[in-house]
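What's in final30.txt: compact mmCIF, C-alpha atoms and all ligand atoms
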```txt
# COMPACT_ATOMS: atom_id res chain seq x y z
CA MET J 20 -27.83 -23.63 -17.64
CA LYS J 21 -24.92 -22.00 -19.42
CA ALA J 22 -21.43 -23.01 -18.22
CA ALA J 23 -17.76 -22.79 -19.22
CA ILE J 24 -16.62 -26.39 -19.51
CA TYR J 25 -13.59 -28.39 -20.65
CA ASN J 26 -13.29 -32.06 -21.57
CA GLU J 27 -9.52 -32.44 -21.35
CA PHE J 28 -6.72 -30.78 -19.41
CA GLN J 29 -5.07 -28.01 -21.41
CA GLY J 30 -7.77 -28.54 -24.05
CA PRO J 31 -10.30 -26.08 -25.43
CA ILE J 32 -12.86 -24.49 -23.07
CA SER J 33 -16.35 -23.99 -24.45
CA ILE J 34 -19.55 -22.27 -23.38
CA ALA J 35 -22.15 -25.03 -23.35
CA SER J 36 -25.68 -25.71 -22.20
CA VAL J 37 -25.58 -28.31 -19.38
CA SER J 38 -28.14 -29.66 -16.87
CA ASP J 39 -29.09 -27.39 -13.98
CA PRO J 40 -27.60 -28.64 -10.68
CA ASN J 41 -29.72 -30.05 -7.84
CA PRO J 42 -28.82 -29.52 -4.18
CA SER J 43 -27.61 -32.45 -2.08
CA GLU J 44 -29.47 -33.15 1.20
CA PHE J 45 -27.09 -30.85 3.07
CA GLY J 46 -26.37 -28.49 0.17
CA VAL J 47 -27.81 -25.54 -1.72
CA VAL J 48 -27.90 -24.30 -5.29
CA ILE J 49 -26.72 -20.72 -5.72
CA LYS J 50 -27.47 -18.40 -8.64
CA VAL J 51 -24.00 -17.07 -9.42
CA GLU J 52 -23.85 -13.27 -9.57
CA ALA J 53 -20.05 -12.86 -9.63
CA SER J 54 -17.06 -15.20 -9.80
CA GLY J 55 -13.36 -14.38 -9.64
CA LEU J 56 -10.93 -15.74 -12.22
CA CYS J 57 -7.91 -17.08 -10.35
CA LEU J 58 -4.57 -18.71 -11.10
CA SER J 59 -5.85 -21.80 -9.25
CA ASP J 60 -8.45 -22.18 -12.02
CA TRP J 61 -5.57 -22.16 -14.50
CA HIS J 62 -3.68 -24.78 -12.43
CA GLY J 63 -6.83 -26.92 -12.49
CA TRP J 64 -7.15 -26.61 -16.25
CA MET J 65 -3.45 -27.50 -16.62
CA GLY J 66 -4.12 -30.79 -14.82
CA ASP J 67 -2.30 -29.89 -11.58
CA ASP J 68 -5.23 -30.78 -9.29
CA LYS J 69 -5.88 -34.49 -8.72
CA ASP J 70 -9.43 -33.79 -7.43
CA ILE J 71 -10.73 -32.66 -10.81
CA VAL J 72 -12.80 -35.20 -12.75
CA LEU J 73 -13.49 -34.46 -16.44
CA PRO J 74 -15.53 -32.96 -17.96
CA HIS J 75 -15.17 -30.00 -15.62
CA VAL J 76 -16.62 -26.56 -14.90
CA PRO J 77 -14.11 -24.40 -12.98
CA GLY J 78 -14.73 -21.43 -10.66
CA HIS J 79 -14.33 -21.20 -6.87
CA GLU J 80 -14.47 -17.48 -5.93
CA LEU J 81 -18.19 -16.93 -5.99
CA ALA J 82 -20.97 -14.81 -4.61
CA GLY J 83 -24.65 -15.11 -5.38
CA THR J 84 -28.18 -15.80 -4.20
CA VAL J 85 -29.49 -19.04 -2.72
CA MET J 86 -32.08 -20.58 -5.09
CA THR J 87 -32.91 -23.93 -3.46
CA ALA J 88 -31.83 -25.72 -0.30
CA GLY J 89 -31.60 -29.46 0.41
CA LYS J 90 -34.00 -31.17 2.85
CA LYS J 91 -31.54 -31.21 5.75
CA VAL J 92 -30.28 -27.62 5.45
CA LYS J 93 -31.25 -25.69 8.59
CA ASN J 94 -29.92 -22.15 8.20
CA TRP J 95 -30.31 -21.16 4.56
CA SER J 96 -33.19 -20.53 2.22
CA GLU J 97 -34.09 -18.95 -1.09
CA GLY J 98 -33.13 -15.35 -1.64
CA GLN J 99 -30.22 -15.00 0.80
CA ARG J 100 -27.11 -13.24 -0.52
CA VAL J 101 -24.08 -15.39 0.20
CA THR J 102 -20.48 -16.28 -0.47
CA VAL J 103 -18.52 -19.37 0.50
CA PRO J 104 -14.85 -20.15 1.22
CA PHE J 105 -13.15 -22.16 -1.54
CA VAL J 106 -12.39 -24.93 0.97
CA GLY J 107 -15.68 -26.09 2.43
CA GLY J 108 -15.56 -28.28 5.55
CA CYS J 109 -17.84 -31.29 6.09
CA GLY J 110 -18.80 -29.92 9.50
CA SER J 111 -18.34 -33.22 11.34
CA CYS J 112 -14.72 -34.48 11.10
CA SER J 113 -12.25 -33.82 13.93
CA TYR J 114 -10.72 -30.81 12.11
CA CYS J 115 -14.10 -29.20 11.45
CA LEU J 116 -15.15 -29.82 15.06
CA SER J 117 -11.97 -28.06 16.21
CA GLY J 118 -12.87 -25.05 14.04
CA ASN J 119 -10.34 -25.80 11.29
CA GLN J 120 -12.64 -26.40 8.33
CA GLN J 121 -9.85 -25.16 6.01
CA VAL J 122 -8.06 -28.50 6.47
CA CYS J 123 -11.16 -30.74 6.67
CA ASP J 124 -10.66 -34.44 5.89
CA PHE J 125 -13.62 -34.40 3.47
CA GLN J 126 -13.30 -31.04 1.75
CA PHE J 127 -15.85 -29.71 -0.69
CA GLN J 128 -14.15 -27.35 -3.11
CA PRO J 129 -16.35 -25.83 -5.84
CA GLY J 130 -14.41 -25.78 -9.10
CA PHE J 131 -12.14 -28.63 -7.93
CA THR J 132 -13.88 -31.53 -6.14
CA ALA J 133 -17.14 -30.55 -7.88
CA TRP J 134 -18.31 -28.30 -10.71
CA GLY J 135 -17.73 -24.65 -9.93
CA SER J 136 -19.11 -21.19 -10.52
CA PHE J 137 -18.20 -20.41 -14.14
CA ALA J 138 -21.86 -21.12 -14.77
CA GLU J 139 -25.29 -19.63 -14.11
CA TYR J 140 -25.80 -21.91 -11.08
CA VAL J 141 -23.53 -23.83 -8.72
CA ALA J 142 -24.31 -26.56 -6.17
CA ILE J 143 -22.57 -26.13 -2.80
CA ASP J 144 -22.46 -29.04 -0.33
CA TYR J 145 -22.47 -28.80 3.50
CA ALA J 146 -24.26 -25.44 3.37
CA ASP J 147 -24.74 -25.02 7.13
CA ALA J 148 -21.01 -25.50 7.75
CA ASN J 149 -19.81 -23.12 5.06
CA LEU J 150 -22.19 -20.49 3.71
CA VAL J 151 -21.53 -16.89 4.70
CA ALA J 152 -24.21 -14.16 4.58
CA LEU J 153 -23.00 -11.00 2.86
CA PRO J 154 -23.20 -7.71 4.74
CA ASP J 155 -25.87 -5.42 3.22
CA ASP J 156 -23.25 -2.91 2.11
CA MET J 157 -21.08 -5.46 0.28
CA ASN J 158 -22.02 -6.10 -3.35
CA PHE J 159 -21.52 -9.37 -5.23
CA LEU J 160 -18.50 -8.08 -7.14
CA GLU J 161 -16.64 -7.17 -3.94
CA ALA J 162 -17.63 -10.44 -2.29
CA ALA J 163 -16.32 -12.48 -5.23
CA GLY J 164 -13.18 -10.32 -5.08
CA LEU J 165 -12.53 -11.73 -1.58
CA GLY J 166 -12.19 -14.97 -3.50
CA CYS J 167 -9.64 -17.44 -2.33
CA ARG J 168 -7.05 -14.70 -2.45
CA PHE J 169 -8.10 -12.07 0.08
CA ILE J 170 -9.28 -14.64 2.66
CA THR J 171 -6.13 -16.75 2.26
CA ALA J 172 -3.94 -13.67 2.60
CA TYR J 173 -5.92 -12.58 5.66
CA ARG J 174 -5.50 -15.92 7.39
CA GLY J 175 -1.84 -16.08 6.32
CA VAL J 176 -0.94 -12.61 7.60
CA ARG J 177 -3.05 -12.49 10.76
CA GLU J 178 -3.57 -16.06 11.99
CA GLN J 179 -0.44 -17.78 10.72
CA GLY J 180 1.99 -14.84 10.55
CA LYS J 181 0.56 -13.01 13.58
CA LEU J 182 1.85 -9.78 12.04
CA THR J 183 1.75 -6.76 14.39
CA SER J 184 1.89 -3.02 13.76
CA ASP J 185 5.57 -2.71 14.77
CA GLN J 186 6.72 -5.39 12.30
CA THR J 187 7.66 -5.59 8.63
CA LEU J 188 6.09 -7.96 6.09
CA ALA J 189 7.72 -8.93 2.78
CA VAL J 190 5.35 -10.03 0.02
CA HIS J 191 6.89 -12.02 -2.84
CA GLY J 192 4.59 -11.84 -5.88
CA CYS J 193 2.01 -9.10 -6.38
CA GLY J 194 -0.91 -10.98 -7.92
CA GLY J 195 -4.26 -11.17 -6.14
CA VAL J 196 -2.92 -12.85 -2.97
CA GLY J 197 0.08 -10.52 -2.71
CA LEU J 198 -1.97 -7.36 -3.24
CA SER J 199 -4.46 -8.56 -0.63
CA ALA J 200 -1.64 -9.25 1.86
CA ILE J 201 -0.29 -5.73 1.30
CA GLN J 202 -3.64 -4.13 2.09
CA ILE J 203 -4.18 -6.34 5.15
CA ALA J 204 -0.70 -5.59 6.52
CA LYS J 205 -1.25 -1.85 6.03
CA GLY J 206 -4.61 -2.25 7.79
CA ILE J 207 -2.71 -3.76 10.73
CA GLY J 208 -0.30 -0.82 10.60
CA ALA J 209 2.83 -2.81 9.66
CA LYS J 210 5.51 -1.85 7.12
CA VAL J 211 5.37 -3.68 3.79
CA ILE J 212 8.04 -4.52 1.22
CA ALA J 213 6.49 -5.77 -2.03
CA ILE J 214 8.47 -7.74 -4.60
CA ASP J 215 7.55 -8.57 -8.19
CA ILE J 216 9.33 -8.86 -11.53
CA SER J 217 6.84 -6.53 -13.25
CA ASP J 218 7.15 -2.75 -12.85
CA GLU J 219 3.41 -2.46 -13.45
CA LYS J 220 2.62 -4.79 -10.53
CA CYS J 221 5.17 -3.02 -8.31
CA ASP J 222 3.48 0.30 -9.09
CA PHE J 223 0.07 -1.14 -8.25
CA ALA J 224 1.47 -2.56 -4.98
CA LYS J 225 2.71 0.92 -4.08
CA ASP J 226 -0.68 2.33 -4.98
CA LEU J 227 -2.30 -0.10 -2.52
CA GLY J 228 0.02 1.01 0.27
CA ALA J 229 3.34 -0.89 0.02
CA ASP J 230 6.08 1.19 1.69
CA TYR J 231 8.81 -0.16 -0.58
CA THR J 232 8.82 -2.13 -3.82
CA ILE J 233 11.62 -4.23 -5.32
CA ASN J 234 11.69 -5.32 -8.96
CA GLY J 235 13.11 -8.83 -8.60
CA SER J 236 14.34 -8.94 -12.21
CA LYS J 237 16.65 -5.97 -11.65
CA ASN J 238 17.80 -6.38 -8.01
CA ASP J 239 19.23 -8.88 -5.56
CA VAL J 240 15.96 -9.46 -3.73
CA VAL J 241 17.32 -10.92 -0.49
CA GLN J 242 19.93 -8.19 -0.09
CA ALA J 243 17.38 -5.46 -0.84
CA VAL J 244 14.83 -6.91 1.63
CA LYS J 245 17.49 -7.08 4.36
CA GLU J 246 18.63 -3.52 3.72
CA LEU J 247 15.11 -2.09 3.73
CA SER J 248 14.14 -3.95 6.91
CA GLY J 249 17.28 -3.47 8.96
CA GLY J 250 18.49 -7.06 8.77
CA GLY J 251 15.44 -9.09 7.77
CA VAL J 252 11.65 -9.05 8.00
CA HIS J 253 9.48 -10.52 10.76
CA VAL J 254 7.02 -12.17 8.41
CA SER J 255 7.39 -13.04 4.74
CA MET J 256 4.93 -14.52 2.27
CA ASP J 257 5.49 -16.40 -0.97
CA ALA J 258 2.28 -15.39 -2.70
CA LEU J 259 3.36 -16.79 -6.07
CA GLY J 260 4.44 -20.40 -5.51
CA HIS J 261 7.83 -20.67 -7.19
CA THR J 262 11.10 -22.21 -5.98
CA ILE J 263 12.86 -18.82 -6.24
CA THR J 264 10.19 -16.72 -4.49
CA CYS J 265 9.92 -19.37 -1.76
CA LEU J 266 13.69 -19.37 -1.19
CA ASN J 267 13.96 -15.56 -1.34
CA SER J 268 11.14 -15.29 1.17
CA ILE J 269 12.89 -17.58 3.68
CA LEU J 270 16.32 -15.97 3.16
CA GLY J 271 14.89 -12.48 3.77
CA LEU J 272 13.67 -13.33 7.29
CA ARG J 273 15.21 -12.08 10.50
CA LYS J 274 15.86 -14.56 13.32
CA ARG J 275 12.65 -16.20 14.58
CA GLY J 276 10.85 -14.89 11.48
CA LYS J 277 7.88 -16.61 9.86
CA HIS J 278 7.62 -17.70 6.23
CA ILE J 279 4.05 -18.15 5.01
CA GLN J 280 3.59 -20.30 1.91
CA VAL J 281 0.38 -19.38 0.13
CA GLY J 282 1.27 -19.71 -3.55
CA LEU J 283 0.63 -23.25 -4.78
CA MET J 284 3.77 -25.25 -5.52
CA THR J 285 3.12 -27.52 -8.50
CA SER J 286 5.05 -29.53 -11.11
CA SER J 287 8.65 -28.30 -11.31
CA HIS J 288 8.16 -26.12 -8.20
CA ALA J 289 6.78 -28.91 -6.01
CA THR J 290 10.01 -29.50 -4.05
CA PRO J 291 11.60 -26.11 -3.31
CA PRO J 292 15.07 -26.04 -1.74
CA ILE J 293 14.37 -25.10 1.89
CA PRO J 294 17.58 -24.03 3.74
CA MET J 295 16.98 -26.21 6.81
CA PRO J 296 20.30 -25.35 8.53
CA LEU J 297 19.13 -21.71 8.59
CA VAL J 298 15.65 -22.73 9.77
CA VAL J 299 17.25 -24.46 12.76
CA ALA J 300 19.96 -21.90 13.56
CA ASN J 301 17.65 -18.88 13.27
CA GLU J 302 14.55 -20.62 14.65
CA LEU J 303 12.53 -19.77 11.54
CA GLU J 304 8.97 -20.92 11.16
CA ILE J 305 7.69 -22.34 7.86
CA LEU J 306 3.90 -22.20 7.73
CA GLY J 307 1.29 -23.03 5.14
CA SER J 308 -1.99 -21.19 4.75
CA HIS J 309 -4.97 -22.87 3.07
CA GLY J 310 -8.05 -20.70 2.73
CA MET J 311 -10.08 -19.53 5.70
CA GLN J 312 -12.97 -20.95 7.71
CA SER J 313 -16.47 -19.55 7.17
CA HIS J 314 -16.76 -18.66 10.88
CA LYS J 315 -13.87 -16.16 10.49
CA TYR J 316 -15.68 -14.04 7.86
CA GLY J 317 -17.42 -11.90 10.49
CA GLU J 318 -14.05 -10.86 11.90
CA LEU J 319 -12.80 -10.24 8.34
CA PHE J 320 -15.80 -8.04 7.47
CA ASP J 321 -15.22 -6.03 10.66
CA PHE J 322 -11.52 -5.65 9.81
CA ILE J 323 -12.32 -4.42 6.28
CA LYS J 324 -14.78 -1.89 7.67
CA ALA J 325 -12.50 -0.69 10.49
CA THR J 326 -9.46 -0.26 8.22
CA GLY J 327 -11.33 1.18 5.24
CA ILE J 328 -9.82 -1.37 2.83
CA ASN J 329 -11.24 -0.72 -0.62
CA LEU J 330 -11.96 -4.11 -2.19
CA LYS J 331 -13.12 -2.49 -5.43
CA LYS J 332 -9.68 -1.03 -6.04
CA MET J 333 -8.19 -4.50 -6.49
CA ILE J 334 -10.78 -5.48 -9.10
CA THR J 335 -9.26 -4.13 -12.27
CA GLU J 336 -11.22 -6.11 -14.86
CA THR J 337 -14.70 -7.56 -15.29
CA LEU J 338 -15.66 -10.17 -17.86
CA ALA J 339 -18.67 -11.95 -19.30
CA LEU J 340 -18.78 -15.76 -18.95
CA GLU J 341 -18.32 -15.97 -22.73
CA GLU J 342 -14.81 -14.50 -22.35
CA VAL J 343 -13.57 -17.30 -20.04
CA PRO J 344 -12.46 -19.65 -22.87
CA ILE J 345 -10.00 -17.03 -24.10
CA HIS J 346 -8.91 -15.60 -20.74
CA LEU J 347 -8.33 -18.71 -18.62
CA PRO J 348 -5.58 -20.37 -20.71
CA GLU J 349 -3.70 -17.06 -20.88
CA MET J 350 -3.66 -16.43 -17.13
CA TYR J 351 -0.14 -17.56 -16.29
CA ARG J 352 1.27 -15.22 -18.93
CA SER J 353 -0.87 -12.27 -17.92
CA ASN J 354 0.98 -9.24 -16.66
CA SER J 355 -2.08 -7.21 -15.74
CA ALA J 356 -2.24 -6.06 -12.13
CA GLY J 357 -5.28 -6.74 -9.96
CA ILE J 358 -8.18 -9.19 -9.88
CA THR J 359 -10.51 -10.21 -12.71
CA VAL J 360 -14.14 -11.00 -11.88
CA ILE J 361 -16.85 -12.46 -14.13
CA ASN J 362 -20.06 -10.53 -13.53
CA SER J 363 -22.22 -11.37 -16.53
CA PHE J 364 -23.60 -14.89 -17.01
ZN ZN J 401 -14.56 -31.84 8.08
ZN ZN J 402 -8.73 -18.55 -6.21
```
Hey, can you dump this file as structure tokens for me?
Ligand SMILES: [Zn+2]
Ligand SMILES: [Zn+2]
Amino acid sequence: MKAAIYNEFQGPISIASVSDPNPSEFGVVIKVEASGLCLSDWHGWMGDDKDIVLPHVPGHELAGTVMTAGKKVKNWSEGQRVTVPFVGGCGSCSYCLSGNQQVCDFQFQPGFTAWGSFAEYVAIDYADANLVALPDDMNFLEAAGLGCRFITAYRGVREQGKLTSDQTLAVHGCGGVGLSAIQIAKGIGAKVIAIDISDEKCDFAKDLGADYTINGSKNDVVQAVKELSGGGVHVSMDALGHTITCLNSILGLRKRGKHIQVGLMTSSHATPPIPMPLVVANELEILGSHGMQSHKYGELFDFIKATGINLKKMITETLALEEVPIHLPEMYRSNSAGITVINSF
């Protein structure tokens, strides 16, 4: 099969012909029809993820068709249209048994712990615990657009943040996660303040429903958030993963507010300065959010349908697999708003 592959971190990425994957006993092989290009793929290529073994094929935001299933797979067979969360649970550890596959002890993560979906085919382990059937009216492009970003934002805003319609959410960073969080919060009926340092991304956030936008390069973010929310927001998300956005997010909370950390904190951002005296005095909650379990997708599909969220609107660019070697290394510098999906393999 054809795949985008690299042999060293931060090294060249090439399109090469590699062996077709075989399913494990409990796994399937999926023909990839669409795959999102995500900043986490860039982090992986940079060498920030200790799970990656070289040479490596990235890609974790996939949708496609089941081609073959392993001997012990019960629920899936050839021809089914599926997607899969980027954190796959083993299905049998204590976390999986409690319904929290997103923090499984033996995670399968395509594009990280194994080769991913920047290829014609991808092998997915623990199929019965993780595969999700696509609704008939959802195409592969939209399903890949859910990626890690929309599902992580959904879990962050609804499960972790418990945002309600009478509350205000601040979103720090308007990339894929941030834009998803904005749409989800508007679906709930809450007010949204979106913050980014790019006017273009602020404009796109407004387009997707943000009530207010703040350009962080031109304003005192914490002061502006407090003014716009009457003293601080109920829930705040760092969707970027930066010491400054993390701190701004916490400082913009009202008493008993919740900070949701979704953006990955790596290298120089790995130990952000958390103002613990404020966390204690104001009873703030600091919560992480790590993907979403496959069994929550049904609820997510219902929510998308009920709120009329337009997944297509977030997908602003489509690519061919051959364009990955140029696009992936440039991702951190990219200023373009919205999500990029590979839809030609
Ligand atoms: Zn598990
Ligand atoms: Zn992702």
Which residues of chain J come within 6 Å of ligand ZN 402 (chain J), and for each one, what is the closest pair of atoms and their distance in Å to one decimal, counting all atoms listed in the file, sorted by chain and residue number, as a Markdown table?
```
| residue | atom | partner | partner_atom | distance |
| --- | --- | --- | --- | --- |
| J:Cys57 | CA | J:ZN402 | ZN | 4.5 |
| J:Ser59 | CA | J:ZN402 | ZN | 5.3 |
| J:Glu80 | CA | J:ZN402 | ZN | 5.8 |
| J:Gly166 | CA | J:ZN402 | ZN | 5.7 |
| J:Cys167 | CA | J:ZN402 | ZN | 4.1 |
| J:Arg168 | CA | J:ZN402 | ZN | 5.6 |
```
With a cut-off of 6 Å, could you pull out the residues of segment 144-252 of chain J touching segment 258-262 of chain J and give me the nearest pair of atoms for each, distance in Å to one decimal, using only C-alpha atoms, ordered by chain and ascending number, as CSV?
```
residue,atom,partner,partner_atom,distance
J:His191,CA,J:Ala258,CA,5.7
J:Gly192,CA,J:Leu259,CA,5.1
J:Val196,CA,J:Ala258,CA,5.8
J:Gly197,CA,J:Ala258,CA,5.3
```
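Counting from atom CA of Val72 of chain J, the distance to atom CA of Ile345 of chain J is 21.6 Å.
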Next on the checklist: Residues contacting ligand ZN 401 (chain J) - anything with an atom at most 10 Å away, using all atoms listed in the file - can you give me those as a PyMOL selection string?
Outcome noted: chain J and resi 107-127+145+148
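Among the candidates J:Asp70, J:Asp144, J:Glu336, J:Glu304, the residue lying nearest to Ile361 of chain J is J:Glu336 (atoms considered: all atoms listed in the file).
When all atoms listed in the file are used to compute distances to Gly250 of chain J, the closest of the residues J:Lys50, J:Lys91, J:Arg273, J:Lys331 turns out to be J:Arg273.
Ranking J:Asp257, J:Glu318, J:Glu246, J:Glu342 by their shortest atom-to-atom distance to Ile170 of chain J, with only C-alpha atoms included, puts J:Glu318 first.
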Next on the checklist: Residues within 8 Å of Asn41 of chain J, please, as a list in words. Count only C-alpha atoms; anything in the same chain fewer than 5 positions from it doesn't count.
Outcome noted: Val47, Val48 and Ala142 of chain J
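In this structure, atom CA of Ile293 of chain J sits 12.8 Å away from atom CA of Gly271 of chain J.
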Can you pull out every residue within 10 Å of Cys221 of chain J, counting only C-alpha atoms, but drop anything in the same chain fewer than 2 positions away, and send it as a PDB file with C-alpha atoms, in the frame of the given file?
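Writing done, so here's part_26.pdb:
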```
ATOM      1  CA  GLY J 192       4.590 -11.840  -5.880  1.00  0.00           C
ATOM      2  CA  CYS J 193       2.010  -9.100  -6.380  1.00  0.00           C
ATOM      3  CA  LEU J 198      -1.970  -7.360  -3.240  1.00  0.00           C
ATOM      4  CA  ALA J 213       6.490  -5.770  -2.030  1.00  0.00           C
ATOM      5  CA  ILE J 214       8.470  -7.740  -4.600  1.00  0.00           C
ATOM      6  CA  ASP J 215       7.550  -8.570  -8.190  1.00  0.00           C
ATOM      7  CA  ILE J 216       9.330  -8.860 -11.530  1.00  0.00           C
ATOM      8  CA  SER J 217       6.840  -6.530 -13.250  1.00  0.00           C
ATOM      9  CA  ASP J 218       7.150  -2.750 -12.850  1.00  0.00           C
ATOM     10  CA  GLU J 219       3.410  -2.460 -13.450  1.00  0.00           C
ATOM     11  CA  PHE J 223       0.070  -1.140  -8.250  1.00  0.00           C
ATOM     12  CA  ALA J 224       1.470  -2.560  -4.980  1.00  0.00           C
ATOM     13  CA  LYS J 225       2.710   0.920  -4.080  1.00  0.00           C
ATOM     14  CA  ASP J 226      -0.680   2.330  -4.980  1.00  0.00           C
ATOM     15  CA  LEU J 227      -2.300  -0.100  -2.520  1.00  0.00           C
ATOM     16  CA  ALA J 229       3.340  -0.890   0.020  1.00  0.00           C
ATOM     17  CA  TYR J 231       8.810  -0.160  -0.580  1.00  0.00           C
ATOM     18  CA  THR J 232       8.820  -2.130  -3.820  1.00  0.00           C
ATOM     19  CA  ILE J 233      11.620  -4.230  -5.320  1.00  0.00           C
ATOM     20  CA  ASN J 234      11.690  -5.320  -8.960  1.00  0.00           C
ATOM     21  CA  GLY J 235      13.110  -8.830  -8.600  1.00  0.00           C
ATOM     22  CA  ALA J 356      -2.240  -6.060 -12.130  1.00  0.00           C
TER      23      ALA J 356
END
```
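You will find atom CA of Arg100 of chain J at 10.0 Å from atom CA of Met86 of chain J.
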Using all atoms of segment 61-64 of chain J listed in the file and a margin of 5 Å per side, can you give the axis-aligned box centre and edge lengths in Å to one decimal, as lines of an AutoDock Vina configuration file?
```
center_x = -5.4
center_y = -24.5
center_z = -14.3
size_x = 13.5
size_y = 14.8
size_z = 13.8
```
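Of the residues listed (J:Leu160, J:Ala133, J:Met256, J:Leu153), J:Met256 shows the shortest atom-to-atom separation from Leu188 of chain J; distances use all atoms listed in the file.
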